[in-house]
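Structure file start.cif with mmCIF, C-alpha atoms:
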data_upload
#
loop_
_atom_site.label_atom_id
_atom_site.label_comp_id
_atom_site.auth_asym_id
_atom_site.auth_seq_id
_atom_site.Cartn_x
_atom_site.Cartn_y
_atom_site.Cartn_z
CA MET A 1 -61.65 138.67 64.72
CA THR A 2 -61.96 137.23 61.21
CA ALA A 3 -63.32 139.19 58.27
CA THR A 4 -66.85 138.95 56.91
CA VAL A 5 -67.65 137.76 53.40
CA THR A 6 -68.07 141.40 52.39
CA ASP A 7 -64.59 142.22 53.74
CA TYR A 8 -63.08 139.38 51.72
CA ALA A 9 -64.77 140.60 48.56
CA ALA A 10 -63.26 144.04 49.14
CA ILE A 11 -59.79 142.48 49.38
CA TRP A 12 -60.15 140.34 46.25
CA ASP A 13 -63.10 140.50 43.88
CA TYR A 14 -63.13 136.82 43.07
CA GLY A 15 -66.45 137.01 41.23
CA SER A 16 -65.10 139.34 38.54
CA GLN A 17 -61.92 137.37 37.79
CA PRO A 18 -61.50 135.60 34.43
CA ARG A 19 -62.13 131.88 34.62
CA SER A 20 -60.35 128.88 33.17
CA GLN A 21 -62.22 125.60 32.93
CA SER A 22 -60.16 122.43 33.01
CA ILE A 23 -61.71 119.32 31.50
CA THR A 24 -59.01 116.78 32.29
CA CYS A 25 -57.55 115.62 35.58
CA ASN A 26 -54.00 116.89 36.12
CA LEU A 27 -52.99 113.56 37.64
CA CYS A 28 -54.53 110.81 35.50
CA GLY A 29 -55.86 112.68 32.46
CA HIS A 30 -59.46 111.59 33.03
CA PHE A 31 -61.81 113.59 30.80
CA GLU A 32 -64.30 115.40 32.99
CA THR A 33 -67.98 115.02 32.18
CA GLU A 34 -71.07 116.71 33.49
CA GLU A 35 -71.66 113.59 35.57
CA ASP A 36 -68.40 114.29 37.42
CA ARG A 37 -69.84 117.64 38.50
CA ARG A 38 -72.73 116.07 40.40
CA PRO A 39 -72.39 114.65 43.91
CA PRO A 40 -70.37 112.68 44.84
CA GLY A 41 -68.19 113.70 41.89
CA GLY A 42 -68.51 117.44 42.27
CA TRP A 43 -70.27 120.24 44.09
CA THR A 44 -70.45 124.00 44.53
CA GLU A 45 -69.96 125.57 47.94
CA PRO A 46 -68.47 128.60 49.70
CA ASP A 47 -64.76 128.24 50.33
CA ARG A 48 -63.31 129.32 53.68
CA TYR A 49 -63.45 132.98 52.60
CA GLY A 50 -67.08 132.70 51.48
CA TYR A 51 -66.39 132.64 47.73
CA GLN A 52 -68.62 130.30 45.72
CA VAL A 53 -66.35 127.72 44.07
CA GLY A 54 -66.87 124.61 41.98
CA VAL A 55 -65.16 121.47 43.24
CA VAL A 56 -64.56 118.26 41.28
CA VAL A 57 -63.46 114.83 42.49
CA CYS A 58 -61.83 112.84 39.69
CA ALA A 59 -63.84 109.68 39.02
CA GLU A 60 -60.64 107.74 38.24
CA CYS A 61 -57.95 108.78 40.74
CA GLU A 62 -59.92 110.83 43.32
CA LEU A 63 -57.89 114.02 42.85
CA ILE A 64 -59.86 116.96 44.25
CA TYR A 65 -59.62 120.25 42.37
CA LEU A 66 -61.40 123.52 41.64
CA ASN A 67 -63.28 123.74 38.37
CA PRO A 68 -63.88 126.27 37.03
CA ARG A 69 -61.08 128.25 38.63
CA MET A 70 -59.39 131.59 38.12
CA ALA A 71 -57.32 131.92 34.96
CA PHE A 72 -53.52 131.97 35.10
CA GLU A 73 -53.32 135.76 34.81
CA ALA A 74 -55.79 136.20 37.68
CA TYR A 75 -53.77 133.92 39.95
CA ALA A 76 -50.58 135.77 38.98
CA SER A 77 -52.17 139.07 39.99
CA PHE A 78 -53.56 137.48 43.18
CA TYR A 79 -50.03 136.73 44.40
CA GLU A 80 -48.05 139.58 42.84
CA SER A 81 -50.43 142.26 44.13
CA GLY A 82 -50.24 141.06 47.72
CA ALA A 83 -53.97 140.18 47.79
CA TYR A 84 -53.19 136.64 48.89
CA ARG A 85 -51.38 137.77 52.05
CA SER A 86 -54.11 140.34 52.77
CA LEU A 87 -56.79 137.68 52.44
CA VAL A 88 -54.97 135.28 54.77
CA SER A 89 -54.38 138.12 57.24
CA ALA A 90 -58.08 138.95 57.29
CA TYR A 91 -58.99 135.30 57.81
CA HIS A 92 -56.63 134.86 60.77
CA GLY A 93 -57.29 138.30 62.23
CA ARG A 94 -53.63 139.33 62.31
CA GLU A 95 -51.12 140.86 59.95
CA ILE A 96 -49.37 138.22 57.84
CA ASN A 97 -46.86 139.73 55.45
CA ALA A 98 -43.30 139.38 54.17
CA GLU A 99 -41.91 140.61 57.49
CA THR A 100 -44.19 138.95 60.04
CA ILE A 101 -44.01 135.45 58.50
CA GLN A 102 -40.24 135.17 58.84
CA PRO A 103 -40.08 133.84 62.44
CA GLU A 104 -42.53 131.09 61.48
CA GLN A 105 -40.48 130.36 58.35
CA GLU A 106 -37.34 130.07 60.50
CA ARG A 107 -38.95 127.40 62.66
CA TYR A 108 -40.22 125.61 59.60
CA ALA A 109 -36.75 125.71 57.99
CA VAL A 110 -35.26 123.85 60.96
CA GLU A 111 -37.92 121.13 60.73
CA VAL A 112 -37.38 120.64 57.00
CA ALA A 113 -33.60 120.59 57.35
CA ASP A 114 -33.84 117.95 60.10
CA PHE A 115 -35.95 115.83 57.74
CA LEU A 116 -33.45 116.30 54.88
CA GLU A 117 -30.21 115.87 56.81
CA PRO A 118 -29.92 112.04 56.85
CA HIS A 119 -30.15 112.07 53.05
CA VAL A 120 -28.11 115.14 52.09
CA LYS A 121 -24.63 114.41 50.73
CA HIS A 122 -22.67 117.24 49.13
CA PRO A 123 -25.03 119.25 46.95
CA ARG A 124 -23.66 122.37 45.29
CA SER A 125 -26.89 124.22 44.68
CA LEU A 126 -30.46 124.54 45.92
CA LEU A 127 -33.59 126.03 44.39
CA ASP A 128 -36.52 126.95 46.64
CA VAL A 129 -39.66 126.99 44.45
CA GLY A 130 -42.18 129.39 45.95
CA GLY A 131 -39.41 130.37 48.34
CA SER A 132 -41.08 133.56 49.59
CA THR A 133 -38.73 135.71 51.71
CA GLY A 134 -35.77 133.37 51.31
CA VAL A 135 -35.65 132.46 55.00
CA VAL A 136 -35.74 128.71 54.29
CA ALA A 137 -33.21 128.91 51.45
CA LYS A 138 -30.87 131.02 53.59
CA TYR A 139 -31.05 128.53 56.44
CA MET A 140 -30.28 125.64 54.07
CA LYS A 141 -27.30 127.58 52.72
CA GLU A 142 -25.91 128.07 56.21
CA ARG A 143 -26.61 124.55 57.43
CA PHE A 144 -25.56 122.55 54.37
CA GLY A 145 -23.12 124.95 52.71
CA VAL A 146 -25.16 125.00 49.51
CA GLU A 147 -25.63 127.89 47.09
CA SER A 148 -29.32 128.76 47.32
CA SER A 149 -31.73 130.60 45.01
CA VAL A 150 -35.40 131.53 45.35
CA LEU A 151 -38.17 131.33 42.75
CA ASP A 152 -41.33 133.25 43.65
CA PRO A 153 -43.84 135.56 41.88
CA ALA A 154 -44.51 137.90 44.82
CA GLY A 155 -42.48 141.09 44.54
CA ARG A 156 -42.64 142.08 48.20
CA GLU A 157 -41.44 138.66 49.31
CA THR A 158 -38.65 138.36 46.76
CA ASP A 159 -37.50 141.83 47.88
CA GLU A 160 -37.08 140.29 51.32
CA ALA A 161 -35.17 137.38 49.77
CA LEU A 162 -32.80 139.89 48.19
CA ARG A 163 -32.31 141.54 51.59
CA ASN A 164 -31.54 138.05 52.91
CA GLY A 165 -28.68 137.94 50.41
CA LEU A 166 -30.13 135.39 47.98
CA PRO A 167 -30.34 135.34 44.18
CA ILE A 168 -33.96 135.43 43.07
CA ILE A 169 -35.93 134.33 40.04
CA ARG A 170 -39.14 136.35 39.99
CA GLY A 171 -41.98 134.40 38.39
CA THR A 172 -44.26 131.42 38.68
CA ALA A 173 -43.22 127.79 38.73
CA GLU A 174 -45.33 127.20 35.63
CA SER A 175 -43.60 129.93 33.56
CA PHE A 176 -40.10 129.37 34.96
CA ASP A 177 -37.44 128.39 32.39
CA PRO A 178 -34.51 126.52 34.00
CA ASP A 179 -32.42 127.12 30.86
CA GLY A 180 -30.57 123.82 31.25
CA TYR A 181 -29.49 124.44 34.84
CA ARG A 182 -29.62 121.55 37.33
CA TRP A 183 -29.83 121.74 41.12
CA GLY A 184 -28.69 119.33 43.83
CA ILE A 185 -31.72 120.07 46.04
CA ILE A 186 -35.09 121.43 44.96
CA LEU A 187 -37.56 122.48 47.62
CA VAL A 188 -41.29 122.90 46.98
CA CYS A 189 -42.29 124.08 50.45
CA GLN A 190 -46.02 124.54 51.11
CA THR A 191 -46.36 125.49 47.45
CA ILE A 192 -47.58 122.52 45.41
CA ASP A 193 -51.20 123.13 46.53
CA HIS A 194 -51.03 126.61 44.95
CA LEU A 195 -49.90 125.50 41.48
CA LEU A 196 -52.15 125.44 38.43
CA ASP A 197 -50.21 122.62 36.74
CA PRO A 198 -48.58 120.52 39.46
CA MET A 199 -47.80 117.61 37.12
CA GLY A 200 -46.18 119.88 34.56
CA VAL A 201 -44.09 121.59 37.25
CA LEU A 202 -43.01 118.29 38.84
CA LYS A 203 -41.91 116.95 35.46
CA LYS A 204 -40.04 120.18 34.72
CA LEU A 205 -38.26 120.01 38.09
CA HIS A 206 -37.38 116.35 37.47
CA GLY A 207 -35.55 117.49 34.35
CA CYS A 208 -33.50 120.10 36.23
CA LEU A 209 -32.60 117.92 39.24
CA ALA A 210 -29.01 116.67 39.40
CA ASP A 211 -28.50 112.93 38.92
CA ASP A 212 -27.96 112.46 42.66
CA GLY A 213 -30.30 115.30 43.59
CA LEU A 214 -33.21 115.45 46.03
CA LEU A 215 -36.70 116.88 45.67
CA PHE A 216 -38.62 117.92 48.79
CA VAL A 217 -42.34 118.62 48.63
CA ASP A 218 -45.02 118.90 51.28
CA ILE A 219 -48.80 119.05 51.09
CA LEU A 220 -51.69 120.17 53.22
CA ASP A 221 -53.49 116.85 53.60
CA PHE A 222 -57.11 117.30 52.54
CA ASP A 223 -58.06 114.11 54.37
CA LYS A 224 -57.26 116.02 57.58
CA THR A 225 -58.42 119.56 56.76
CA ARG A 226 -61.47 119.02 54.51
CA GLU A 227 -61.11 122.72 53.69
CA ILE A 228 -61.63 124.30 50.26
CA LYS A 229 -60.05 127.68 49.46
CA ILE A 230 -59.39 129.57 46.24
CA ASP A 231 -55.63 129.67 46.84
CA HIS A 232 -55.51 125.85 46.57
CA PRO A 233 -56.57 124.91 43.02
CA TYR A 234 -55.69 121.32 43.94
CA ASN A 235 -56.37 119.56 47.23
CA PHE A 236 -53.95 116.69 47.77
CA THR A 237 -54.05 113.66 49.99
CA GLU A 238 -51.13 111.36 50.81
CA LYS A 239 -52.43 108.95 48.20
CA THR A 240 -52.77 111.44 45.35
CA MET A 241 -49.43 113.17 46.08
CA ALA A 242 -47.59 109.85 46.07
CA LEU A 243 -49.21 109.09 42.70
CA PHE A 244 -48.16 112.49 41.33
CA LEU A 245 -44.53 111.97 42.33
CA SER A 246 -44.38 108.45 40.91
CA LYS A 247 -45.98 109.47 37.62
CA ALA A 248 -43.60 112.44 37.31
CA GLY A 249 -40.67 110.03 37.50
CA TYR A 250 -39.50 110.33 41.10
CA ARG A 251 -38.45 107.62 43.51
CA GLU A 252 -39.71 108.25 47.04
CA ILE A 253 -37.05 107.80 49.72
CA ALA A 254 -38.69 109.28 52.83
CA ARG A 255 -42.06 110.45 54.08
CA GLU A 256 -43.32 111.88 57.36
CA ARG A 257 -46.28 113.73 58.82
CA ALA A 258 -45.33 117.15 60.15
CA PRO A 259 -45.78 117.97 63.86
CA ASP A 260 -48.88 120.04 63.05
CA GLY A 261 -50.63 116.82 61.99
CA VAL A 262 -52.02 118.24 58.74
CA HIS A 263 -48.95 118.52 56.50
CA VAL A 264 -47.20 115.53 54.93
CA ARG A 265 -43.58 115.73 53.74
CA PHE A 266 -42.09 113.74 50.88
CA LEU A 267 -38.43 113.40 49.91
CA CYS A 268 -37.65 111.97 46.48
CA ALA A 269 -34.77 111.19 44.17
CA ARG A 270 -34.67 110.92 40.38
#

Just dump the structure as structure tokens.
Amino acid sequence: MTATVTDYAAIWDYGSQPRSQSITCNLCGHFETEEDRRPPGGWTEPDRYGYQVGVVVCAECELIYLNPRMAFEAYASFYESGAYRSLVSAYHGREINAETIQPEQERYAVEVADFLEPHVKHPRSLLDVGGSTGVVAKYMKERFGVESSVLDPAGRETDEALRNGLPIIRGTAESFDPDGYRWGIILVCQTIDHLLDPMGVLKKLHGCLADDGLLFVDILDFDKTREIKIDHPYNFTEKTMALFLSKAGYREIARERAPDGVHVRFLCAR
């Protein structure tokens, strides 16, 4: 049984969180006007948890995003405190945490590796951005013989990654400093929708990808779900994600729709 709106508010008091108001589109740089906030450009509605959110559709490139949205520090607390997992657990009516998600992550890891395999040569290192418990990174290490690391802000999940024997970088993709390091494979698995600056992160990752490296990213396709939620500041479609990758400097080499029908996977090179 899913939680009520009141239950969700008890888990995460969205209404009291500090807000950040973006005025430009993260994809094309279009300056947002009040006109963009009116239908069909923008609207206010309850998200899937019942929180009232503002939604904008860019008048130039059709990127869909929350505005206003929680500030960076509020999102950091949302993930680091475990509120995100508690909220998702309440929505689905079952416990979803760093332990219970691992069997699902194992199945997902196999699917992603099968997608990557025809294109993987001999990478030395892998970074899993938003890598959670490290299950995916560990599987890639075993299957491809690659040294794998995990970047994630959630303490409970990176603790699991440590128990899975992986080096961790605890923090957000936006604040992460690669310090000149370059990886042969970078994974952004079911994470790009959660970022506050996807273009900035994609450009940063482009700079720390090896010359012959591969970037994997997948999205929850808004054209299929039509679902707004506070944990997705941006709502991508195949069209807008392809534009993001191209503008960030990547060359797309493969694309497929996942078996669930709602996720789309992209594989890119520099």

Identify, on the basis of only C-alpha atoms, every residue whose closest approach to Gly171 in chain A does not exceed 7 Å; exclude the query and any residue fewer than 5 positions from it along the same chain; express the result as an mmCIF file with C-alpha atoms, keeping the file's coordinate frame.
data_model
loop_
_atom_site.group_PDB
_atom_site.id
_atom_site.type_symbol
_atom_site.label_atom_id
_atom_site.label_comp_id
_atom_site.auth_asym_id
_atom_site.auth_seq_id
_atom_site.Cartn_x
_atom_site.Cartn_y
_atom_site.Cartn_z
ATOM 1 C CA LEU A 151 -38.170 131.330 42.750
ATOM 2 C CA ASP A 152 -41.330 133.250 43.650
ATOM 3 C CA PRO A 153 -43.840 135.560 41.880
ATOM 4 C CA PHE A 176 -40.100 129.370 34.960
#

Long-range neighbours of Leu195 in chain A as a list of chain:residue names, 8 Å cut-off, only C-alpha atoms, 5 positions minimum in chain = A:Ala173, A:Glu174, A:His232, A:Pro233, A:Tyr234

Mind checking which residues fall within 8 Å of range 68-78 of chain A, counting only C-alpha atoms, ignoring those fewer than 5 positions away in the same chain, and posting them as a PyMOL selection string?
-> chain A and resi 12+17-22+53-55+83-84+153+172+196+230+233

Selected residue, from A:Leu66, A:Leu166, A:Ala9, A:Leu187, that lies nearest to Leu267 in chain A when counting only C-alpha atoms = A:Leu187

Fewer than 4 positions away in the same chain doesn't count, so skip those; otherwise give me all residues within 12 Å of Gly134 in chain A, counting only C-alpha atoms, as a PyMOL selection string.
-> chain A and resi 98-99+101-103+105-106+109+126-130+138-141+148-152+154+156-169+187+189

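Proximity of A:Ala59, A:Leu27, A:Leu87, A:Ala248 to Lys229 in chain A, computed with all atoms listed in the file, is greatest for A:Leu87.
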
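Across A:Ala269, A:Val88, A:Cys28, A:Ile192, the tightest approach to Leu209 in chain A is made by A:Ala269 when counting only C-alpha atoms.
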
Residues selected by the PyMOL selection byres ((chain A and resi 261) around 12), written as number ranges by chain = A: 219-225, 256-260, 262-265

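Of note, CA of Asp212 in chain A and CA of Ala137 in chain A are spaced 19.4 Å apart.
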
Once you add 3 Å to each side, what are the centre and edge lengths of the axis-aligned box holding all listed atoms of range 196-200 of chain A? One decimal in Å, as JSON, if you can.
{"center_x": -49.2, "center_y": 121.5, "center_z": 37.0, "size_x": 12.0, "size_y": 13.8, "size_z": 10.9}

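Of note, CA of Lys203 in chain A and CA of Arg226 in chain A are spaced 27.4 Å apart.
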
Separating CA of Tyr91 in chain A from CA of Glu45 in chain A, to the nearest tenth of an Å, is a gap of 17.7 Å

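Considering all atoms listed in the file, the residue among A:Pro123, A:Glu142, A:Ala242, A:Arg170 positioned nearest to Trp183 in chain A is A:Pro123.
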
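Of the listed residues A:Ser81, A:Asn97, A:Gly213, A:His30, the one whose atoms come nearest to Val56 in chain A is A:His30, with distances taken using all atoms listed in the file.
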
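Each of A:Val112, A:Ala254, A:Ala210, A:Cys58 was checked against Thr33 in chain A using all atoms listed in the file; the smallest atom-to-atom distance is that of A:Cys58.
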
Return as a PDB file with C-alpha atoms, in the frame of the given file the set of residues that the PyMOL selection byres ((chain A and resi 182) around 10) yields on the displayed structure.
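What ended up in out-v1.pdb:
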ATOM      1  CA  ARG A 124     -23.660 122.370  45.290  1.00  0.00           C
ATOM      2  CA  SER A 125     -26.890 124.220  44.680  1.00  0.00           C
ATOM      3  CA  LEU A 126     -30.460 124.540  45.920  1.00  0.00           C
ATOM      4  CA  LEU A 127     -33.590 126.030  44.390  1.00  0.00           C
ATOM      5  CA  PRO A 178     -34.510 126.520  34.000  1.00  0.00           C
ATOM      6  CA  ASP A 179     -32.420 127.120  30.860  1.00  0.00           C
ATOM      7  CA  GLY A 180     -30.570 123.820  31.250  1.00  0.00           C
ATOM      8  CA  TYR A 181     -29.490 124.440  34.840  1.00  0.00           C
ATOM      9  CA  TRP A 183     -29.830 121.740  41.120  1.00  0.00           C
ATOM     10  CA  GLY A 184     -28.690 119.330  43.830  1.00  0.00           C
ATOM     11  CA  ILE A 185     -31.720 120.070  46.040  1.00  0.00           C
ATOM     12  CA  ILE A 186     -35.090 121.430  44.960  1.00  0.00           C
ATOM     13  CA  LEU A 205     -38.260 120.010  38.090  1.00  0.00           C
ATOM     14  CA  HIS A 206     -37.380 116.350  37.470  1.00  0.00           C
ATOM     15  CA  GLY A 207     -35.550 117.490  34.350  1.00  0.00           C
ATOM     16  CA  CYS A 208     -33.500 120.100  36.230  1.00  0.00           C
ATOM     17  CA  LEU A 209     -32.600 117.920  39.240  1.00  0.00           C
ATOM     18  CA  ALA A 210     -29.010 116.670  39.400  1.00  0.00           C
ATOM     19  CA  ASP A 211     -28.500 112.930  38.920  1.00  0.00           C
ATOM     20  CA  GLY A 213     -30.300 115.300  43.590  1.00  0.00           C
TER      21      GLY A 213
END

Exercise: Ser86 in chain A partners within 8 Å, all atoms listed in the file, chain neighbours under 3 positions left out, as a PDB file with C-alpha atoms, in the frame of the given file:
ATOM      1  CA  ILE A  11     -59.790 142.480  49.380  1.00  0.00           C
ATOM      2  CA  GLY A  82     -50.240 141.060  47.720  1.00  0.00           C
ATOM      3  CA  ALA A  83     -53.970 140.180  47.790  1.00  0.00           C
ATOM      4  CA  SER A  89     -54.380 138.120  57.240  1.00  0.00           C
ATOM      5  CA  ALA A  90     -58.080 138.950  57.290  1.00  0.00           C
ATOM      6  CA  GLU A  95     -51.120 140.860  59.950  1.00  0.00           C
ATOM      7  CA  ILE A  96     -49.370 138.220  57.840  1.00  0.00           C
ATOM      8  CA  ASN A  97     -46.860 139.730  55.450  1.00  0.00           C
TER       9      ASN A  97
END

Run the PyMOL selection byres ((chain A and resi 244) around 12) on the file and write out the hits as a PyMOL selection string.
-> chain A and resi 25-29+61+63+192+197-203+217+219+234+236-243+245-252+266+268
